[in-house]
Amino acid sequence: MYRQTFIGMSCLQTMRTVYNHWSALKCAPLQTYLLGYLRYNSKDSRLSTDSLKSFATTLNEKCSNVLVMVGAGLSTPSGIPDFRSPGTGLYYNLKQYNLPYPEAIFDLAYFEQDPRPFLTLAKELYPGGKYHPNLGHHFVHLVHKKGKLLRMYTQNIDGLERLSGIPEEKLVEAHGGFSTASCIRCSKKHDPYKTREDILQGKTVYCDRSLCKGLVKPDIVFFGEALPDRFWLHEIDASLADFLIVIGTSLEVYPFASVADAVQFNIPRLLLNRTAVGSFGYRDHDAILSGDIIESVKSLAAALDWTSELEELVRQYEQRK
């Protein structure tokens, strides 16, 4: 079967086919090797002005099911520090608690032992407080307003997507968020607004069930917890998508990253990121806007002729703040 499949293929085409086969089988070591080969040997997918205009025309005129994936790179222009940067990262700011390892902040067992580090982080990140959506969030909201957004998948827990106006049914918060809260022991749902107020006042929140009294936290996914059920919508969404936009993610965290490879091979995939990531660059309909994400969003909006509408969305949000 494979001999017949590979007859007439170039070496690069063969490697692409092998990559797709092993991706389906989730053979990570071979996938990593093949991605390196494909990125090195594939054509340069960085967009020229003419190519960006072509992608924009396709999005404007032919696409109505745009799938968007975003990561931490979308939130950093809002002022949210990343987790690991020395001196400024969120982990660094929690050093007063002497965490045994940085990721302990998202460890359920450690949270039960000492909830203070996570609750300190929660106070910092609660939506609508210190941080607000940036142009990238408003751009995705505009895609929705145009009737083109199939779904937005985010790795971020800061809730800025909701805050920008993207409705809940169009949003999948793959790693959870602050919009709901639950007891970690009995799973009872608690009022997220009261939970927020208690946490902002520095209180530790406990379950109100008399026989439980477990700790209550916002429904952010901790290590060892299952992803939200909504995440598995991607199995349907990937087949329906006619355009993929990926913004500000390394595409290294699975299963989130697998969504980018699950879309059909004949649809355009556009990456807005500082560097090429994942399998971007080896499909025929891939393109990369590299560099500063906000500047890339501005370029894409201009190519779509959406600049004035985007600026109006930003103005409306600023008035509501």
# chains A, B, ... in the order shown; residues from 1 in each chain; ligands from 1

$ select_by_dssp --residues "segment 56-270 of chain A" --states "strand (DSSP E)" --output "ChimeraX atom specification"
/A:66-70,149-154,171-173,176-183,189-190,216-220,243-247,269-270

$ residues_around --residues "Cys186 of chain A" --least-positions-apart "5" --cutoff "12 Å" --atoms "only C-alpha atoms" --output "list of chain:residue names"
A:Tyr206, A:Cys207, A:Asp208, A:Arg209, A:Ser210, A:Leu211, A:Cys212, A:Lys213, A:Gly214, A:Leu215, A:Val216

$ closest_atom_pairs --of "segment 75-151 of chain A" --to "segment 230-243 of chain A" --cutoff "12 Å" --atoms "only C-alpha atoms" --output "tab-separated table"
residue	atom	partner	partner_atom	distance
A:Val143	CA	A:Phe243	CA	11.6
A:Lys148	CA	A:Phe243	CA	9.6
A:Leu149	CA	A:Ala241	CA	9.3
A:Leu150	CA	A:Ala241	CA	7.0
A:Arg151	CA	A:Asp237	CA	7.5

$ residues_around --residues "His132 of chain A" --least-positions-apart "2" --cutoff "12 Å" --atoms "only C-alpha atoms" --output "ChimeraX atom specification"
/A:74-80,125-130,134-138,158-165,314,317-318,320-321

$ closest_residue --among "A:Trp306, A:Thr58, A:Gly73, A:Tyr110" --to "Gly291 of chain A" --atoms "only C-alpha atoms"
A:Gly73

$ closest_residue --among "A:Phe178, A:Glu169, A:Leu121, A:Ile245" --to "Phe106 of chain A" --atoms "only C-alpha atoms"
A:Leu121

$ select_by_dssp --residues "segment 106-305 of chain A" --states "alpha helix (DSSP H)" --output "NGL selection string"
:A and (108-113 or 116-125 or 135-145 or 160-164 or 192-200 or 234-240 or 258-262 or 293-304)

$ atom_distance --atom1 "atom CA of Ser299 of chain A" --atom2 "atom CA of Glu61 of chain A"
18.0 Å

$ closest_residue --among "A:Ala174, A:Val259, A:Leu94, A:Val66" --to "Gly278 of chain A" --atoms "only C-alpha atoms"
A:Val259
